[in-house]
Amino acid sequence: MTNQIQAVPTEENRKPTSIRKTTIAVAAAALVALVALGVLPRFARQQAALAAVRESPVTHPIVTAIHPQFGEPTSTLLLPGNIEAIYSADVYARTEGYIDRRNVDIGSHVKAGQVLAVISSPEVDQQLMQAHATLAQAQASLQQAQAALQQAKANAELARLTKERDQPLGEEHAISQQIVDEATQASNAREADVTAAEANIAAAQANVLANRANVGRLQQLQSFEQVLAPFDGVITARNVERGDLVTTGSAASKPMFSIAQSGTLRIRIDVPQSEAVNIQDGQKAAITVKERLGRAYTGTIVRNADALDSAARTMLTEVQVENSDGSLLPGMYAEVALTFAGQHRALIIPTSSLVIDHSGMHVVTIAGNKTLHFAPVTIGKDMGNQVEILSGIQSSDALVASPNDLLRDGQNVEVR
């Protein structure tokens, strides 16, 4: 049986363990001291920051209060538009030839019927001379046919008399029956000659009418050698010069002239759906042109489309303005102000007072204890920097002028 020997710790063996425990304790104490040195200042700073936050105005935001104002009993709608001539036209050649003379240039004021240019067209002149000659021949043929009719009528009358004389003689057997028959046939033949002569006259008359129409057509073409102004106006474009070849039609050539009437001008505007129902013919409009500062122009609504554009939800409306002094030019940009009478005096607030979020449009009201409340509102007309409020607030309510995203419902604020 094996004997087990138990080692008994001696004094020398117990010394290293005591030293180790002492070292660990010292290290732990040092660690605690270091942690205390790092945590205590941080805790102090946090307490100071918390106190500063509690004393900061952020917990009681400073806001500016405003009150809704009643709008005017009328509203004004300002719309842009382009000034256009009331009448404008492109003048093309109606006959072919060369420009023999040009009487006007761009900027020339012309009257209706004034000669703008003269076209030399010798082919048309020759055709007209030939048409006159053909017409003269047709008229001569008509006269011959009329003379032949008179002769045929005379021959028919003679044949009739002969027949009427021979028939009684034949009945009395004073002459042979053959003579009577020949007289009867001759009378019938002469009657047929009269009918044929009348038909020849009708054909000759139709030929005369046809040739007279051809003469009229060529005379009309010849009259087109003088290019006339269709109405009073100003020449806005000229595309021909003396000696240029011009052709008829507008598909393959530029217009000879462009003319516009600027005594009365029109402005086409697009009225939004919110005011389209208030547009009436004869309604006055104030027109402003930046190039004519201080000058007031008054226009009149003369017509509207009486229907909305399905894409833009606007109604095309035409305003006409008198321009006898020529101070307005076609192509200018203008602003048209329309004034409408309101059915009620709505509340008006600045657009900056609106809060728009996922739940709709709100304003921030301030209760008597300076507590915020988000009130939903229904808006009407948007006038740019102001908006009409139809429901949701009263005129006595105090509103936050410019609410920010940090404000919340039920928060206390300081009003200044």
# chains A, B, ... in the order shown; residues from 1 in each chain; ligands from 1
>>> select_by_dssp(residues="segment 193-264 of chain A", states="helix (DSSP H, G or I)", output="ChimeraX atom specification")
/A:193-223
>>> write_last_selection(atoms="N, CA and C atoms", output="short mmCIF file (atom, residue, chain, number, x, y, z; two decimals), in the first residue's frame")
data_model
loop_
_atom_site.label_atom_id
_atom_site.label_comp_id
_atom_site.auth_asym_id
_atom_site.auth_seq_id
_atom_site.Cartn_x
_atom_site.Cartn_y
_atom_site.Cartn_z
N ASP A 193 -86.76 74.82 -139.94
CA ASP A 193 -85.62 75.74 -140.05
C ASP A 193 -85.66 76.81 -138.95
N VAL A 194 -86.85 77.27 -138.63
CA VAL A 194 -86.98 78.28 -137.56
C VAL A 194 -86.54 77.68 -136.22
N THR A 195 -86.98 76.45 -135.94
CA THR A 195 -86.57 75.80 -134.69
C THR A 195 -85.06 75.63 -134.61
N ALA A 196 -84.45 75.21 -135.74
CA ALA A 196 -82.98 75.04 -135.77
C ALA A 196 -82.28 76.37 -135.59
N ALA A 197 -82.80 77.42 -136.18
CA ALA A 197 -82.19 78.74 -136.03
C ALA A 197 -82.27 79.21 -134.58
N GLU A 198 -83.40 78.94 -133.92
CA GLU A 198 -83.52 79.31 -132.50
C GLU A 198 -82.52 78.54 -131.65
N ALA A 199 -82.30 77.24 -131.97
CA ALA A 199 -81.30 76.46 -131.24
C ALA A 199 -79.90 77.00 -131.47
N ASN A 200 -79.63 77.42 -132.70
CA ASN A 200 -78.31 78.01 -132.99
C ASN A 200 -78.09 79.30 -132.20
N ILE A 201 -79.16 80.06 -132.05
CA ILE A 201 -79.05 81.29 -131.27
C ILE A 201 -78.74 80.97 -129.81
N ALA A 202 -79.43 79.94 -129.25
CA ALA A 202 -79.16 79.55 -127.85
C ALA A 202 -77.71 79.11 -127.67
N ALA A 203 -77.19 78.33 -128.63
CA ALA A 203 -75.79 77.90 -128.55
C ALA A 203 -74.84 79.09 -128.65
N ALA A 204 -75.18 80.03 -129.57
CA ALA A 204 -74.33 81.20 -129.73
C ALA A 204 -74.35 82.07 -128.47
N GLN A 205 -75.51 82.18 -127.87
CA GLN A 205 -75.61 82.95 -126.62
C GLN A 205 -74.78 82.30 -125.50
N ALA A 206 -74.86 80.97 -125.40
CA ALA A 206 -74.05 80.27 -124.38
C ALA A 206 -72.57 80.46 -124.64
N ASN A 207 -72.19 80.44 -125.91
CA ASN A 207 -70.78 80.65 -126.25
C ASN A 207 -70.34 82.05 -125.87
N VAL A 208 -71.21 83.02 -126.08
CA VAL A 208 -70.89 84.40 -125.70
C VAL A 208 -70.72 84.51 -124.19
N LEU A 209 -71.65 83.88 -123.43
CA LEU A 209 -71.55 83.92 -121.97
C LEU A 209 -70.25 83.28 -121.48
N ALA A 210 -69.87 82.16 -122.08
CA ALA A 210 -68.64 81.48 -121.68
C ALA A 210 -67.41 82.36 -121.95
N ASN A 211 -67.39 82.98 -123.12
CA ASN A 211 -66.25 83.83 -123.44
C ASN A 211 -66.24 85.10 -122.59
N ARG A 212 -67.45 85.60 -122.27
CA ARG A 212 -67.50 86.78 -121.40
C ARG A 212 -67.00 86.42 -119.99
N ALA A 213 -67.33 85.22 -119.51
CA ALA A 213 -66.82 84.79 -118.21
C ALA A 213 -65.31 84.65 -118.22
N ASN A 214 -64.78 84.13 -119.32
CA ASN A 214 -63.32 84.01 -119.42
C ASN A 214 -62.66 85.37 -119.42
N VAL A 215 -63.29 86.32 -120.10
CA VAL A 215 -62.75 87.68 -120.10
C VAL A 215 -62.79 88.25 -118.68
N GLY A 216 -63.91 88.03 -117.99
CA GLY A 216 -64.00 88.51 -116.61
C GLY A 216 -62.94 87.90 -115.71
N ARG A 217 -62.68 86.58 -115.88
CA ARG A 217 -61.64 85.92 -115.08
C ARG A 217 -60.27 86.54 -115.33
N LEU A 218 -59.96 86.75 -116.58
CA LEU A 218 -58.65 87.32 -116.91
C LEU A 218 -58.57 88.79 -116.47
N GLN A 219 -59.68 89.50 -116.55
CA GLN A 219 -59.67 90.87 -116.05
C GLN A 219 -59.42 90.90 -114.54
N GLN A 220 -60.02 89.91 -113.84
CA GLN A 220 -59.77 89.82 -112.40
C GLN A 220 -58.31 89.51 -112.13
N LEU A 221 -57.73 88.59 -112.91
CA LEU A 221 -56.31 88.30 -112.75
C LEU A 221 -55.46 89.52 -113.05
N GLN A 222 -55.87 90.25 -114.06
CA GLN A 222 -55.12 91.46 -114.40
C GLN A 222 -55.23 92.50 -113.29
N SER A 223 -56.40 92.56 -112.62
CA SER A 223 -56.54 93.50 -111.52
C SER A 223 -55.64 93.12 -110.34
#
>>> residues_around(residues="Ile259 of chain A", least_positions_apart="2", cutoff="10 Å", atoms="only C-alpha atoms", output="PyMOL selection string")
chain A and resi 85+87-91+106-110+229-238+257+261-262
>>> write_last_selection(atoms="C-alpha atoms", output="compact mmCIF listing (two decimals), in the first residue's frame")
# COMPACT_ATOMS: atom_id res chain seq x y z
CA ALA A 85 -53.12 93.11 -83.25
CA TYR A 87 -56.39 92.01 -87.31
CA SER A 88 -53.31 90.69 -89.05
CA ALA A 89 -52.86 89.25 -92.52
CA ASP A 90 -50.20 87.94 -94.88
CA VAL A 91 -50.56 89.34 -98.40
CA ILE A 106 -41.98 97.96 -93.08
CA GLY A 107 -43.50 100.54 -90.76
CA SER A 108 -45.59 102.15 -93.49
CA HIS A 109 -49.11 103.11 -92.43
CA VAL A 110 -51.54 102.15 -95.17
CA ALA A 229 -54.03 96.57 -98.63
CA PRO A 230 -56.94 94.54 -97.21
CA PHE A 231 -57.54 96.96 -94.30
CA ASP A 232 -56.05 99.95 -92.52
CA GLY A 233 -52.87 99.02 -90.70
CA VAL A 234 -49.09 98.98 -90.56
CA ILE A 235 -46.74 96.95 -92.74
CA THR A 236 -44.90 94.62 -90.36
CA ALA A 237 -42.96 92.57 -92.94
CA ARG A 238 -41.80 92.95 -96.56
CA PHE A 257 -46.22 91.70 -97.13
CA GLN A 261 -54.11 96.72 -87.55
CA SER A 262 -52.98 98.24 -84.25
>>> select_by_dssp(residues="segment 112-348 of chain A", states="strand (DSSP E or B)", output="PyMOL selection string")
chain A and resi 115-120+226-228+233-238+245-246+257-272+284-288+297-304+314-322+333-341+347-348
>>> atom_distance(atom1="atom CA of Thr184 of chain A", atom2="atom CA of Ala147 of chain A")
24.7 Å
>>> atom_distance(atom1="atom CA of Val227 of chain A", atom2="atom CA of Ala93 of chain A")
7.3 Å
>>> atom_distance(atom1="atom CA of Val321 of chain A", atom2="atom CA of Tyr297 of chain A")
7.4 Å
>>> closest_residue(among="A:Asp125, A:Asp325, A:Glu182, A:Glu191", to="Gln150 of chain A", atoms="only C-alpha atoms")
A:Glu191
>>> closest_residue(among="A:Ser359, A:Thr365, A:Thr298, A:Gln151", to="Leu407 of chain A", atoms="only C-alpha atoms")
A:Thr365
>>> closest_residue(among="A:Tyr92, A:Asp309, A:Arg165, A:Glu318", to="Met256 of chain A", atoms="only C-alpha atoms")
A:Tyr92
>>> closest_residue(among="A:Ala305, A:Ala192, A:Ala337, A:Val115", to="Leu77 of chain A", atoms="only C-alpha atoms")
A:Ala337
>>> residues_around(residues="Gly282 of chain A", least_positions_apart="4", cutoff="10 Å", atoms="only C-alpha atoms", output="list in words")
Gly299, Thr300, Ile301, Val302, Arg303 and Val319 of chain A
>>> write_last_selection(atoms="C-alpha atoms", output="PDB file, in the first residue's frame")
ATOM      1  CA  GLY A 299     -59.538  97.280 -71.590  1.00  0.00           C
ATOM      2  CA  THR A 300     -62.854  95.525 -72.035  1.00  0.00           C
ATOM      3  CA  ILE A 301     -63.611  91.818 -72.020  1.00  0.00           C
ATOM      4  CA  VAL A 302     -65.256  91.143 -75.383  1.00  0.00           C
ATOM      5  CA  ARG A 303     -65.467  87.338 -75.459  1.00  0.00           C
ATOM      6  CA  VAL A 319     -59.583  91.687 -73.646  1.00  0.00           C
TER       7      VAL A 319
END
>>> closest_residue(among="A:Leu265, A:Leu78, A:Ala174, A:Val387", to="Ala285 of chain A", atoms="only C-alpha atoms")
A:Leu78
>>> residues_around(residues="Pro350 of chain A", least_positions_apart="5", cutoff="10 Å", atoms="only C-alpha atoms", output="list in words")
Ile66, His67, Pro68, Gln69, Met383, Gly384, Asn385, Gln386, Val387, Glu388, Ala401 and Ser402 of chain A
>>> write_last_selection(atoms="C-alpha atoms", output="compact mmCIF listing (two decimals), in the first residue's frame")
# COMPACT_ATOMS: atom_id res chain seq x y z
CA ILE A 66 -50.79 88.12 -35.26
CA HIS A 67 -54.55 88.36 -35.75
CA PRO A 68 -56.48 87.52 -38.93
CA GLN A 69 -57.67 90.52 -40.87
CA MET A 383 -53.06 85.53 -53.33
CA GLY A 384 -49.34 84.82 -53.17
CA ASN A 385 -48.09 86.18 -49.85
CA GLN A 386 -51.60 86.04 -48.38
CA VAL A 387 -54.29 83.39 -48.30
CA GLU A 388 -58.02 83.48 -47.65
CA ALA A 401 -46.87 84.48 -37.32
CA SER A 402 -44.24 82.02 -38.58
>>> residues_around(residues="segment 389-399 of chain A", least_positions_apart="4", cutoff="12 Å", atoms="only C-alpha atoms", output="ChimeraX atom specification")
/A:63-71,344-355,361-383,403,415
>>> write_last_selection(atoms="N, CA and C atoms", output="CSV table (one decimal), in the first residue's frame")
chain,number,residue,atom,x,y,z
A,63,VAL,N,-42.5,83.4,-29.6
A,63,VAL,CA,-43.2,83.5,-30.9
A,63,VAL,C,-43.8,84.9,-31.0
A,64,THR,N,-44.1,85.2,-32.3
A,64,THR,CA,-44.8,86.5,-32.6
A,64,THR,C,-46.2,86.2,-32.9
A,65,ALA,N,-47.1,86.9,-32.3
A,65,ALA,CA,-48.6,86.7,-32.5
A,65,ALA,C,-49.1,87.7,-33.5
A,66,ILE,N,-50.0,87.3,-34.3
A,66,ILE,CA,-50.8,88.1,-35.3
A,66,ILE,C,-52.3,87.8,-35.2
A,67,HIS,N,-53.1,88.6,-35.7
A,67,HIS,CA,-54.5,88.4,-35.7
A,67,HIS,C,-55.0,88.4,-37.2
A,68,PRO,N,-55.9,87.5,-37.6
A,68,PRO,CA,-56.5,87.5,-38.9
A,68,PRO,C,-57.1,88.9,-39.2
A,69,GLN,N,-57.1,89.3,-40.4
A,69,GLN,CA,-57.7,90.5,-40.9
A,69,GLN,C,-58.8,90.2,-41.9
A,70,PHE,N,-59.8,91.1,-41.8
A,70,PHE,CA,-60.9,90.9,-42.8
A,70,PHE,C,-60.4,91.5,-44.2
A,71,GLY,N,-60.6,90.7,-45.2
A,71,GLY,CA,-60.3,91.1,-46.6
A,71,GLY,C,-61.2,92.2,-47.1
A,344,HIS,N,-68.6,87.7,-49.6
A,344,HIS,CA,-68.5,88.0,-48.2
A,344,HIS,C,-67.1,88.4,-47.9
A,345,ARG,N,-66.9,89.0,-46.7
A,345,ARG,CA,-65.5,89.4,-46.3
A,345,ARG,C,-64.8,88.3,-45.6
A,346,ALA,N,-63.9,87.7,-46.3
A,346,ALA,CA,-63.2,86.5,-45.7
A,346,ALA,C,-62.0,87.0,-44.8
A,347,LEU,N,-61.6,86.1,-44.0
A,347,LEU,CA,-60.4,86.4,-43.2
A,347,LEU,C,-59.1,86.1,-44.0
A,348,ILE,N,-58.2,87.0,-43.8
A,348,ILE,CA,-56.9,86.9,-44.6
A,348,ILE,C,-55.8,86.8,-43.6
A,349,ILE,N,-54.9,85.8,-43.8
A,349,ILE,CA,-53.7,85.7,-43.0
A,349,ILE,C,-52.5,85.6,-43.9
A,350,PRO,N,-51.3,85.8,-43.4
A,350,PRO,CA,-50.1,85.6,-44.2
A,350,PRO,C,-49.9,84.1,-44.6
A,351,THR,N,-49.4,83.9,-45.7
A,351,THR,CA,-49.1,82.5,-46.1
A,351,THR,C,-48.1,81.8,-45.2
A,352,SER,N,-47.2,82.6,-44.6
A,352,SER,CA,-46.2,82.0,-43.7
A,352,SER,C,-46.8,81.5,-42.4
A,353,SER,N,-48.1,81.8,-42.1
A,353,SER,CA,-48.7,81.3,-40.9
A,353,SER,C,-49.3,79.9,-41.1
A,354,LEU,N,-49.4,79.4,-42.3
A,354,LEU,CA,-49.9,78.1,-42.5
A,354,LEU,C,-48.9,77.0,-42.2
A,355,VAL,N,-49.4,75.9,-41.7
A,355,VAL,CA,-48.6,74.7,-41.4
A,355,VAL,C,-49.2,73.6,-42.2
A,361,MET,N,-53.9,71.2,-43.7
A,361,MET,CA,-53.5,72.6,-43.5
A,361,MET,C,-54.0,73.0,-42.1
A,362,HIS,N,-53.0,73.6,-41.3
A,362,HIS,CA,-53.3,74.1,-40.0
A,362,HIS,C,-52.8,75.5,-39.8
A,363,VAL,N,-53.3,76.1,-38.8
A,363,VAL,CA,-52.6,77.3,-38.2
A,363,VAL,C,-52.4,77.0,-36.7
A,364,VAL,N,-51.4,77.8,-36.1
A,364,VAL,CA,-51.1,77.6,-34.7
A,364,VAL,C,-51.7,78.7,-34.0
A,365,THR,N,-52.7,78.4,-33.2
A,365,THR,CA,-53.4,79.5,-32.3
A,365,THR,C,-52.7,79.5,-31.0
A,366,ILE,N,-52.8,80.7,-30.3
A,366,ILE,CA,-52.3,80.9,-29.0
A,366,ILE,C,-53.4,81.1,-28.0
A,367,ALA,N,-53.6,80.2,-27.1
A,367,ALA,CA,-54.7,80.4,-26.1
A,367,ALA,C,-54.3,81.4,-25.0
A,368,GLY,N,-55.3,81.7,-24.1
A,368,GLY,CA,-55.0,82.8,-23.1
A,368,GLY,C,-53.9,82.4,-22.2
A,369,ASN,N,-53.6,81.2,-21.9
A,369,ASN,CA,-52.5,80.8,-21.0
A,369,ASN,C,-51.2,80.6,-21.8
A,370,LYS,N,-51.2,81.1,-23.0
A,370,LYS,CA,-50.0,81.0,-23.9
A,370,LYS,C,-49.7,79.5,-24.2
A,371,THR,N,-50.8,78.8,-24.5
A,371,THR,CA,-50.6,77.4,-24.9
A,371,THR,C,-51.0,77.3,-26.4
A,372,LEU,N,-50.1,76.5,-27.1
A,372,LEU,CA,-50.3,76.4,-28.6
A,372,LEU,C,-51.4,75.4,-28.9
A,373,HIS,N,-52.1,75.6,-29.9
A,373,HIS,CA,-53.1,74.6,-30.4
A,373,HIS,C,-53.1,74.7,-31.9
A,374,PHE,N,-53.0,73.5,-32.5
A,374,PHE,CA,-53.0,73.4,-34.0
A,374,PHE,C,-54.4,73.2,-34.5
A,375,ALA,N,-54.9,74.2,-35.2
A,375,ALA,CA,-56.3,74.3,-35.6
A,375,ALA,C,-56.4,74.0,-37.1
A,376,PRO,N,-57.1,73.0,-37.6
A,376,PRO,CA,-57.2,72.8,-39.0
A,376,PRO,C,-58.1,73.9,-39.7
A,377,VAL,N,-57.7,74.3,-40.9
A,377,VAL,CA,-58.4,75.4,-41.6
A,377,VAL,C,-58.7,75.0,-43.0
A,378,THR,N,-59.7,75.7,-43.6
A,378,THR,CA,-60.0,75.5,-45.0
A,378,THR,C,-59.7,76.8,-45.7
A,379,ILE,N,-58.8,76.7,-46.7
A,379,ILE,CA,-58.4,77.9,-47.4
A,379,ILE,C,-59.2,78.2,-48.6
A,380,GLY,N,-59.2,79.5,-49.0
A,380,GLY,CA,-59.9,79.9,-50.2
A,380,GLY,C,-58.9,80.3,-51.3
A,381,LYS,N,-59.0,81.6,-51.7
A,381,LYS,CA,-58.1,82.0,-52.7
A,381,LYS,C,-56.7,82.2,-52.2
A,382,ASP,N,-55.7,81.8,-53.0
A,382,ASP,CA,-54.3,82.0,-52.7
A,382,ASP,C,-53.8,83.2,-53.5
A,383,MET,N,-53.5,84.3,-52.7
A,383,MET,CA,-53.1,85.5,-53.3
A,383,MET,C,-51.6,85.8,-53.3
A,403,PRO,N,-44.8,79.8,-37.7
A,403,PRO,CA,-44.5,78.6,-36.9
A,403,PRO,C,-43.4,77.8,-37.5
A,415,VAL,N,-44.9,85.0,-25.8
A,415,VAL,CA,-45.4,85.8,-26.9
A,415,VAL,C,-44.7,87.2,-26.8
>>> closest_residue(among="A:Leu245, A:Leu149, A:Leu329, A:Ala276", to="Val289 of chain A", atoms="only C-alpha atoms")
A:Leu329
